[in-house]
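As provided, final08.cif (mmCIF, C-alpha atoms) reads as follows.
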data_input
loop_
_atom_site.label_atom_id
_atom_site.label_comp_id
_atom_site.auth_asym_id
_atom_site.auth_seq_id
_atom_site.Cartn_x
_atom_site.Cartn_y
_atom_site.Cartn_z
CA MET O 236 75.99 -70.94 -9.04
CA LYS O 237 76.62 -70.71 -5.30
CA PHE O 238 77.81 -67.36 -3.97
CA LEU O 239 81.07 -67.39 -2.00
CA ASP O 240 82.74 -64.17 -0.90
CA GLN O 241 85.64 -65.48 1.22
CA ALA O 242 88.26 -68.13 0.53
CA LYS O 243 91.65 -69.12 1.92
CA ILE O 244 94.26 -70.33 -0.56
CA TYR O 245 97.94 -71.29 -0.64
CA VAL O 246 100.25 -69.82 -3.29
CA ARG O 247 103.87 -70.59 -4.08
CA SER O 248 106.04 -69.16 -6.81
CA GLY O 249 108.54 -71.37 -8.62
CA ASP O 250 112.14 -71.94 -7.57
CA GLY O 251 114.90 -70.71 -9.83
CA GLY O 252 116.69 -73.25 -12.00
CA ASP O 253 120.12 -74.50 -11.00
CA GLY O 254 123.33 -73.38 -12.62
CA VAL O 255 125.55 -76.07 -14.07
CA THR O 256 129.25 -76.89 -14.03
CA ALA O 257 130.45 -77.78 -17.51
CA PHE O 258 133.59 -77.40 -19.66
CA ARG O 259 134.16 -77.11 -23.39
CA ARG O 260 135.64 -80.18 -25.06
CA GLU O 261 135.50 -79.37 -28.77
CA LYS O 262 138.08 -80.57 -31.20
CA TYR O 263 140.84 -78.05 -31.96
CA ILE O 264 140.08 -76.11 -28.79
CA GLU O 265 143.33 -76.76 -26.94
CA PHE O 266 142.50 -75.76 -23.41
CA GLY O 267 138.70 -75.64 -23.47
CA GLY O 268 137.20 -73.69 -20.61
CA PRO O 269 134.11 -73.32 -18.42
CA ASP O 270 130.80 -72.96 -20.28
CA GLY O 271 128.14 -73.93 -17.71
CA GLY O 272 124.94 -71.86 -18.19
CA ASN O 273 122.73 -70.13 -15.63
CA GLY O 274 119.39 -71.45 -14.41
CA GLY O 275 116.08 -69.95 -15.54
CA ARG O 276 113.77 -67.82 -13.41
CA GLY O 277 110.91 -69.50 -11.55
CA GLY O 278 107.28 -68.69 -12.36
CA ASP O 279 105.46 -65.81 -10.65
CA ILE O 280 102.04 -65.91 -8.94
CA ILE O 281 99.87 -63.16 -10.47
CA PHE O 282 96.32 -62.18 -9.54
CA GLU O 283 94.12 -60.52 -12.18
CA ALA O 284 90.63 -59.01 -11.87
CA VAL O 285 88.30 -60.09 -14.67
CA PRO O 286 84.75 -58.87 -15.35
CA ASN O 287 83.05 -62.21 -16.05
CA LEU O 288 83.30 -63.58 -12.49
CA ASN O 289 81.09 -62.69 -9.53
CA THR O 290 81.91 -65.32 -6.90
CA LEU O 291 84.93 -67.05 -5.34
CA ILE O 292 83.32 -70.49 -5.50
CA ASP O 293 86.14 -71.88 -7.67
CA PHE O 294 88.58 -71.49 -4.78
CA ARG O 295 86.57 -73.84 -2.58
CA TYR O 296 87.69 -76.76 -4.76
CA THR O 297 91.13 -75.52 -5.86
CA GLN O 298 93.04 -74.11 -2.91
CA HIS O 299 96.70 -74.67 -3.82
CA PHE O 300 98.48 -72.82 -6.61
CA ARG O 301 102.12 -73.54 -7.43
CA ALA O 302 104.24 -72.16 -10.24
CA ARG O 303 106.81 -74.32 -12.00
CA LYS O 304 110.53 -74.26 -11.34
CA GLY O 305 112.84 -72.57 -13.84
CA GLY O 306 114.84 -74.77 -16.15
CA ASN O 307 118.38 -75.78 -15.20
CA GLY O 308 121.34 -74.42 -17.13
CA ALA O 309 123.29 -76.57 -19.57
CA GLY O 310 126.64 -76.81 -21.25
CA SER O 311 127.64 -74.60 -24.18
CA ASP O 312 126.66 -71.63 -22.00
CA ARG O 313 122.94 -72.36 -22.37
CA THR O 314 120.58 -70.66 -19.92
CA GLY O 315 117.61 -72.58 -18.57
CA ALA O 316 114.10 -71.60 -19.68
CA ALA O 317 112.10 -69.26 -17.47
CA ALA O 318 108.92 -70.80 -16.10
CA SER O 319 105.55 -69.38 -17.11
CA PRO O 320 103.64 -67.38 -14.47
CA VAL O 321 100.49 -68.73 -12.85
CA ILE O 322 97.68 -66.19 -13.41
CA ILE O 323 94.85 -66.50 -10.90
CA LYS O 324 91.67 -64.80 -12.14
CA VAL O 325 89.38 -63.29 -9.52
CA PRO O 326 86.19 -61.16 -9.64
CA ILE O 327 86.44 -57.37 -9.73
CA GLY O 328 86.36 -56.06 -6.17
CA THR O 329 88.47 -58.87 -4.67
CA GLN O 330 90.75 -57.95 -1.80
CA ILE O 331 93.81 -60.06 -1.00
CA MET O 332 94.45 -60.23 2.73
CA ASP O 333 97.39 -61.71 4.62
CA ASP O 334 96.87 -64.81 6.72
CA ASP O 335 96.07 -62.60 9.73
CA ARG O 336 92.95 -61.38 7.81
CA VAL O 337 93.85 -57.79 8.75
CA THR O 338 96.76 -56.77 6.51
CA LEU O 339 95.57 -55.73 3.04
CA LEU O 340 98.00 -56.88 0.36
CA ALA O 341 96.08 -55.78 -2.75
CA ASP O 342 92.70 -54.44 -3.80
CA LEU O 343 91.71 -55.48 -7.33
CA ASP O 344 88.86 -53.03 -7.85
CA GLU O 345 89.19 -52.48 -11.62
CA ALA O 346 88.92 -54.81 -14.60
CA GLY O 347 92.35 -55.87 -15.84
CA LYS O 348 94.15 -54.80 -12.66
CA ARG O 349 97.03 -57.14 -11.80
CA ILE O 350 99.29 -57.75 -8.84
CA THR O 351 102.35 -60.00 -8.65
CA LEU O 352 101.95 -61.48 -5.18
CA CYS O 353 104.84 -63.96 -5.19
CA ARG O 354 107.88 -63.50 -7.41
CA GLY O 355 109.66 -66.51 -8.82
CA GLY O 356 113.16 -67.30 -7.60
CA ASP O 357 116.18 -66.19 -9.64
CA GLY O 358 118.18 -68.83 -11.45
CA GLY O 359 121.53 -69.93 -10.05
CA TYR O 360 124.79 -69.05 -11.79
CA GLY O 361 126.68 -71.60 -13.86
CA ASN O 362 130.44 -71.91 -13.60
CA ALA O 363 130.95 -69.73 -16.71
CA HIS O 364 129.79 -66.77 -14.59
CA PHE O 365 132.71 -67.22 -12.18
CA LYS O 366 135.42 -67.30 -14.86
CA SER O 367 138.09 -64.64 -14.36
CA SER O 368 141.71 -63.96 -15.20
CA THR O 369 142.80 -65.58 -11.97
CA ASN O 370 140.27 -68.40 -11.91
CA ARG O 371 140.37 -69.92 -15.39
CA ALA O 372 138.59 -73.17 -14.54
CA PRO O 373 136.02 -72.55 -11.81
CA ARG O 374 134.07 -75.53 -10.61
CA ARG O 375 131.48 -73.54 -8.71
CA SER O 376 127.81 -73.39 -9.73
CA ASP O 377 124.89 -72.17 -7.61
CA LYS O 378 121.50 -73.63 -6.91
CA GLY O 379 118.48 -71.58 -7.89
CA TRP O 380 116.90 -69.24 -5.36
CA PRO O 381 113.72 -70.56 -3.73
CA GLY O 382 110.36 -69.03 -4.59
CA GLU O 383 107.98 -67.32 -2.16
CA GLU O 384 105.05 -69.01 -0.46
CA ARG O 385 102.18 -67.82 1.72
CA TRP O 386 98.60 -68.42 2.74
CA VAL O 387 96.24 -65.59 1.81
CA TRP O 388 92.56 -64.79 2.24
CA LEU O 389 90.49 -63.62 -0.70
CA ARG O 390 87.56 -61.37 0.20
CA LEU O 391 85.07 -60.24 -2.41
CA LYS O 392 83.38 -56.86 -2.09
CA LEU O 393 80.75 -56.41 -4.77
CA ILE O 394 81.01 -53.32 -6.94
CA ALA O 395 77.67 -51.51 -6.62
CA ASP O 396 76.44 -47.91 -6.63
CA VAL O 397 73.57 -48.32 -4.17
CA GLY O 398 73.52 -50.52 -1.08
CA LEU O 399 70.20 -51.83 0.28
CA VAL O 400 70.12 -52.11 4.07
CA GLY O 401 67.34 -52.79 6.54
CA LEU O 402 65.88 -55.27 8.97
CA PRO O 403 64.72 -58.69 7.73
CA ASN O 404 61.33 -58.54 5.96
CA ALA O 405 61.71 -54.84 5.15
CA GLY O 406 60.97 -55.64 1.50
CA LYS O 407 64.50 -55.33 0.10
CA SER O 408 64.26 -58.38 -2.17
CA THR O 409 60.85 -57.28 -3.46
CA PHE O 410 62.22 -53.82 -4.21
CA LEU O 411 65.20 -55.29 -6.08
CA SER O 412 62.96 -57.57 -8.16
CA VAL O 413 60.71 -54.62 -9.08
CA VAL O 414 63.40 -52.15 -10.14
CA SER O 415 65.75 -54.59 -11.92
CA ALA O 416 65.82 -57.91 -13.74
CA ALA O 417 67.23 -59.69 -10.69
CA LYS O 418 65.20 -62.62 -9.36
CA PRO O 419 65.95 -62.88 -5.63
CA LYS O 420 64.06 -65.27 -3.41
CA ILE O 421 60.96 -63.62 -1.90
CA ALA O 422 59.00 -65.11 1.01
CA ASP O 423 57.11 -63.98 4.12
CA TYR O 424 59.71 -65.07 6.68
CA PRO O 425 62.92 -63.44 7.96
CA PHE O 426 66.32 -64.01 6.35
CA THR O 427 64.92 -65.01 2.98
CA THR O 428 68.07 -63.50 1.47
CA LEU O 429 71.11 -65.54 2.54
CA HIS O 430 73.62 -64.16 0.05
CA PRO O 431 74.13 -60.71 -1.53
CA GLN O 432 72.23 -60.06 -4.74
CA LEU O 433 73.01 -57.57 -7.51
CA GLY O 434 70.56 -55.84 -9.83
CA VAL O 435 71.02 -53.25 -12.58
CA VAL O 436 68.51 -50.37 -12.62
CA ARG O 437 68.22 -48.67 -16.00
CA LEU O 438 66.30 -45.38 -16.07
CA SER O 439 67.21 -44.37 -19.62
CA MET O 440 69.69 -45.14 -22.39
CA THR O 441 72.39 -43.20 -20.56
CA GLU O 442 71.40 -43.60 -16.92
CA GLU O 443 71.85 -46.80 -14.95
CA PHE O 444 73.23 -47.94 -11.63
CA VAL O 445 73.86 -51.18 -9.74
CA VAL O 446 72.01 -52.07 -6.54
CA ALA O 447 73.37 -54.54 -3.97
CA ASP O 448 70.89 -56.28 -1.66
CA ILE O 449 72.52 -57.84 1.41
CA PRO O 450 70.94 -60.15 3.99
CA GLY O 451 68.94 -58.30 6.64
CA LEU O 452 70.61 -57.05 9.80
CA ILE O 453 69.22 -57.44 13.30
CA GLU O 454 70.24 -56.00 16.65
CA GLY O 455 73.62 -57.38 17.68
CA ALA O 456 74.66 -58.25 14.13
CA HIS O 457 78.16 -56.80 14.75
CA GLU O 458 78.56 -59.41 17.50
CA GLY O 459 77.50 -62.26 15.21
CA THR O 460 73.78 -62.35 15.98
CA GLY O 461 71.69 -63.68 13.10
CA LEU O 462 73.81 -63.78 9.96
CA GLY O 463 76.16 -61.23 11.50
CA ASP O 464 77.58 -58.26 9.63
CA ARG O 465 80.00 -60.12 7.34
CA PHE O 466 78.02 -59.09 4.27
CA LEU O 467 78.24 -55.36 5.05
CA GLY O 468 81.56 -55.31 3.20
CA HIS O 469 79.60 -55.56 -0.05
CA VAL O 470 78.14 -52.09 0.42
CA GLU O 471 81.37 -50.38 1.53
CA ARG O 472 82.06 -49.20 -2.03
CA CYS O 473 78.54 -47.86 -2.64
CA ALA O 474 77.90 -44.19 -3.32
CA VAL O 475 74.67 -44.12 -1.31
CA LEU O 476 72.76 -46.36 1.10
CA LEU O 477 69.05 -46.98 0.63
CA HIS O 478 67.61 -47.72 4.05
CA LEU O 479 64.31 -49.57 3.66
CA ILE O 480 62.03 -49.66 6.69
CA ASP O 481 58.89 -51.77 7.03
CA GLY O 482 56.19 -49.15 7.64
CA ALA O 483 53.59 -51.78 8.48
CA ALA O 484 55.67 -53.04 11.43
CA GLY O 485 54.85 -49.98 13.53
CA SER O 486 58.09 -49.23 15.41
CA VAL O 487 59.78 -47.47 12.49
CA VAL O 488 62.04 -45.25 14.63
CA ASP O 489 63.41 -48.23 16.56
CA ALA O 490 64.02 -50.08 13.28
CA TRP O 491 65.95 -47.11 11.88
CA ARG O 492 68.04 -46.73 15.06
CA THR O 493 68.85 -50.46 15.14
CA ILE O 494 70.34 -50.42 11.65
CA ARG O 495 72.19 -47.13 12.24
CA HIS O 496 73.76 -48.62 15.37
CA GLU O 497 74.92 -51.70 13.47
CA LEU O 498 76.40 -49.56 10.67
CA ALA O 499 78.32 -47.47 13.19
CA ALA O 500 79.55 -50.57 15.06
CA TYR O 501 80.81 -52.11 11.80
CA ASP O 502 83.23 -49.16 11.43
CA GLY O 503 83.79 -49.41 7.68
CA GLY O 504 82.81 -45.85 6.89
CA LEU O 505 79.20 -46.89 6.32
CA ALA O 506 77.74 -44.59 8.95
CA GLU O 507 79.17 -41.56 7.09
CA LYS O 508 77.79 -42.51 3.68
CA PRO O 509 74.83 -40.59 2.21
CA GLU O 510 71.58 -42.27 3.23
CA ILE O 511 68.14 -42.16 1.66
CA ILE O 512 65.39 -43.42 3.96
CA ALA O 513 62.35 -45.07 2.42
CA LEU O 514 59.27 -46.13 4.38
CA ASN O 515 58.10 -49.23 2.53
CA LYS O 516 54.72 -51.01 2.40
CA MET O 517 52.61 -47.86 2.32
CA ASP O 518 49.84 -49.98 0.79
CA SER O 519 49.56 -51.75 4.17
CA MET O 520 49.10 -48.52 6.13
CA THR O 521 46.23 -46.08 6.41
CA PRO O 522 46.98 -42.51 5.31
CA ARG O 523 47.01 -41.40 8.95
CA GLU O 524 49.46 -44.15 9.94
CA ALA O 525 51.71 -43.37 7.00
CA SER O 526 51.75 -39.67 7.81
CA SER O 527 52.43 -40.08 11.54
CA ARG O 528 55.15 -42.71 11.08
CA ARG O 529 56.81 -40.66 8.38
CA ALA O 530 56.80 -37.57 10.63
CA ALA O 531 58.24 -39.52 13.56
CA LEU O 532 60.98 -40.96 11.39
CA GLU O 533 61.89 -37.57 9.92
CA LYS O 534 62.10 -36.09 13.42
CA ALA O 535 64.37 -38.90 14.67
CA SER O 536 66.66 -38.98 11.62
CA GLY O 537 66.67 -35.29 10.74
CA ALA O 538 66.33 -36.23 7.07
CA PRO O 539 63.44 -36.45 4.59
CA VAL O 540 61.67 -39.81 4.31
CA VAL O 541 60.24 -41.21 1.07
CA LEU O 542 56.99 -43.18 1.15
CA ILE O 543 56.95 -46.13 -1.23
CA SER O 544 55.35 -49.49 -1.87
CA ALA O 545 57.61 -51.91 -3.69
CA ALA O 546 54.71 -54.31 -4.26
CA THR O 547 52.46 -51.72 -5.99
CA HIS O 548 55.28 -49.49 -7.38
CA GLN O 549 53.93 -46.42 -5.56
CA GLY O 550 56.67 -43.83 -5.10
CA VAL O 551 59.30 -46.11 -6.67
CA PRO O 552 60.05 -43.97 -9.80
CA GLU O 553 60.63 -40.87 -7.65
CA LEU O 554 62.93 -42.84 -5.35
CA LEU O 555 64.93 -44.21 -8.28
CA ARG O 556 65.41 -40.68 -9.60
CA MET O 557 66.78 -39.57 -6.22
CA LEU O 558 69.20 -42.50 -6.20
CA GLN O 559 70.33 -41.82 -9.77
CA ASN O 560 71.01 -38.16 -8.97
CA GLN O 561 73.11 -39.16 -5.96
CA VAL O 562 75.06 -41.75 -7.98
CA THR O 563 75.66 -39.28 -10.83
CA GLU O 564 76.95 -36.64 -8.41
CA ASN O 565 79.28 -39.19 -6.82
CA ARG O 566 80.67 -40.21 -10.21
CA LYS O 567 81.34 -36.57 -11.11
CA ASN O 568 83.21 -36.03 -7.85
CA ALA O 569 85.22 -39.19 -8.44
CA ASP O 570 86.22 -37.95 -11.91
CA LYS O 571 87.31 -34.58 -10.48
CA ASN O 572 89.23 -36.11 -7.60
CA PRO O 573 90.66 -39.46 -8.78
CA ALA O 574 92.29 -41.52 -6.07
#
Go through the file and emit its structure as C-alpha cells.
Amino acid sequence: MKFLDQAKIYVRSGDGGDGVTAFRREKYIEFGGPDGGNGGRGGDIIFEAVPNLNTLIDFRYTQHFRARKGGNGAGSDRTGAAASPVIIKVPIGTQIMDDDRVTLLADLDEAGKRITLCRGGDGGYGNAHFKSSTNRAPRRSDKGWPGEERWVWLRLKLIADVGLVGLPNAGKSTFLSVVSAAKPKIADYPFTTLHPQLGVVRLSMTEEFVVADIPGLIEGAHEGTGLGDRFLGHVERCAVLLHLIDGAAGSVVDAWRTIRHELAAYDGGLAEKPEIIALNKMDSMTPREASSRRAALEKASGAPVVLISAATHQGVPELLRMLQNQVTENRKNADKNPA
C-alpha cells in the first residue's frame, strides 16, 4: 500500500428539506385547515479516527464527499426524513486544516474521536407552522436551509513514541529492521527511505514502544533541499528523538549540528524534545576512532553519546532500555497532567 500523508478534499453537508403548503380536505371536516409539514434536516459531514488505517491513500481517488438533502415535508402534517450523515474515516493522528493550510480545524489524535465539520441545513417550515388565530389559512412555506461546504487539507502525523532522525545513510532503516519486525528498504545509497516507516519495539510482555523512521534530512531541508522537511511532522508527537549519526563518515560533529539546525528551523517544538544521540557503525571504526569521535560529539552536544552498531547489534539492547525509560517517564507525566 502506498503511503500518503497529505490530501485535499471537498466536503459538503446536505441541504435541509423544503416545507410544503397543503390543506386538509377530509370528509366531515367543514373548514379544513393548513397541514403542510416541515422539511427534514440535511446530512452532516463527520470525520472519525479509526485504528485500522495508516495512510490517506484513499483520498487520492475519492476527493468529493457530499451528504444527501433532507426529505421534503408532506401533507397531513408529515415531516420530511432527516438525511443520514456521511462519516469519513481517517487514520489516528490526522489533522484537518483549512484551505489556507495554516488554520487547524481538528486534531483526531485518539481512536474513536469524532468531529462534525459541516452541519446539515435545517428543514424549511411548512404552512402549518405559520397557522395562528389571525392567519387561519397561511399559504407560506419555506425552502430548506443550505448546507455548508469547504475545501480542507488532511495531514497525517504518525503516532509514535520515538522519532528516528539523522542524515541519509546514517543507518536508520537498518536500526529499525533490527529492533522491530518492520521491513524497510535498505541499500547503500542516500534517500533509500522515501516514506515514513513505523516499527514496534517489544522489550518484555509489558514494555513496548513505537519507532518512526523518517527520510533522511540534509542541510537546507527546511528550504526544500532534498526531500525537504515535510516528513518531520511525523515525529512531532514523539516523546524522545533518537539521533543516529554515521560514525564511519568522520565529521560526526558537523552531522549532528546539521540536523540540529534543521530541527530548529522547522519550528515544531522538535528542538526542545529530549534527544538521545547514538554513534552508529562502531564496527566500521577502530577503537581509537570511536573513542575520539565520541568525545568530540559529547563536547559539542553537552550530552552523553551511545556507541552502537545496528548491523552487529552491539550496544543496541542498552540503547533500547534508555529509550524505553524515557518513553515510560513521558507516559507517567502525561497521565499526571492530561491535556
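Using all atoms listed in the file, the nearest neighbour of Arg247 in chain O within the list O:Val321, O:Val475, O:Ile292, O:Val400 is O:Val321.
Put simply, CA of Thr493 in chain O is 11.5 Å away from CA of His478 in chain O.
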remark   = Restricting to all atoms listed in the file, whichever of O:Arg385, O:Lys348, O:Lys366, O:Arg390 is closest to Ile280 in chain O is O:Arg385
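Distances here use all atoms listed in the file; by that measure, the residue among O:Gly268, O:Phe410, O:Ala284, O:Gly485 closest to Ser367 in chain O is O:Gly268.
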key: Picked residues, the PyMOL selection byres ((chain O and resi 316) around 10), expected as number ranges by chain   = O: 251-252, 273-277, 304-308, 313-315, 317-319, 358
query = To one decimal place, how far is CA of Asp396 in chain O from CA of Cys473 in chain O in Å?
reply = 4.5 Å
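Minimum atom-to-atom distances from O:Asp481, O:Glu497, O:Glu524, O:Asp270 to Pro373 in chain O were compared using all atoms listed in the file, and the lowest value belongs to O:Asp270.
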Output of the PyMOL selection byres ((chain O and resi 436) around 6), listed as a compact mmCIF listing (two decimals) with C-alpha atoms, in the coordinates of the input:
# COMPACT_ATOMS: atom_id res chain seq x y z
CA VAL O 414 63.40 -52.15 -10.14
CA SER O 415 65.75 -54.59 -11.92
CA VAL O 435 71.02 -53.25 -12.58
CA ARG O 437 68.22 -48.67 -16.00
CA GLU O 443 71.85 -46.80 -14.95
CA PHE O 444 73.23 -47.94 -11.63
ask   = Could you spell out the hits of the PyMOL selection byres ((chain O and resi 558) around 10) on the shown file, as a list in words?
value = Asp396, Val397, Phe444, Val446, Ala474, Val475, Leu476, Leu477, Glu510, Ile511, Pro552, Glu553, Leu554, Leu555, Arg556, Met557, Gln559, Asn560, Gln561, Val562, Thr563 and Glu564 of chain O
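Distances here use all atoms listed in the file; by that measure, the residue among O:Leu352, O:Val445, O:Val255, O:Ala500 closest to Ile322 in chain O is O:Leu352.
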Quick one: range 553-565 of chain O from the block, N, CA and C atoms, as a tab-separated table (two decimals), in the first residue's frame.
chain	number	residue	atom	x	y	z
O	553	GLU	N	21.21	-1.87	25.23
O	553	GLU	CA	21.34	-0.78	26.19
O	553	GLU	C	20.63	0.49	25.68
O	554	LEU	N	20.73	0.74	24.39
O	554	LEU	CA	20.06	1.91	23.83
O	554	LEU	C	18.55	1.77	23.92
O	555	LEU	N	18.04	0.59	23.63
O	555	LEU	CA	16.59	0.36	23.71
O	555	LEU	C	16.09	0.55	25.13
O	556	ARG	N	16.87	0.14	26.11
O	556	ARG	CA	16.47	0.34	27.51
O	556	ARG	C	16.40	1.83	27.84
O	557	MET	N	17.35	2.62	27.35
O	557	MET	CA	17.31	4.06	27.58
O	557	MET	C	16.06	4.67	26.96
O	558	LEU	N	15.73	4.25	25.74
O	558	LEU	CA	14.54	4.77	25.07
O	558	LEU	C	13.27	4.39	25.82
O	559	GLN	N	13.20	3.13	26.27
O	559	GLN	CA	12.02	2.67	27.00
O	559	GLN	C	11.83	3.47	28.29
O	560	ASN	N	12.92	3.72	29.00
O	560	ASN	CA	12.82	4.50	30.24
O	560	ASN	C	12.30	5.91	29.96
O	561	GLN	N	12.77	6.51	28.88
O	561	GLN	CA	12.31	7.86	28.53
O	561	GLN	C	10.84	7.86	28.15
O	562	VAL	N	10.42	6.85	27.38
O	562	VAL	CA	9.02	6.75	26.97
O	562	VAL	C	8.13	6.50	28.18
O	563	THR	N	8.55	5.62	29.08
O	563	THR	CA	7.76	5.33	30.28
O	563	THR	C	7.58	6.57	31.14
O	564	GLU	N	8.66	7.33	31.31
O	564	GLU	CA	8.59	8.56	32.10
O	564	GLU	C	7.63	9.57	31.46
O	565	ASN	N	7.68	9.65	30.12
O	565	ASN	CA	6.79	10.58	29.43
O	565	ASN	C	5.32	10.16	29.60
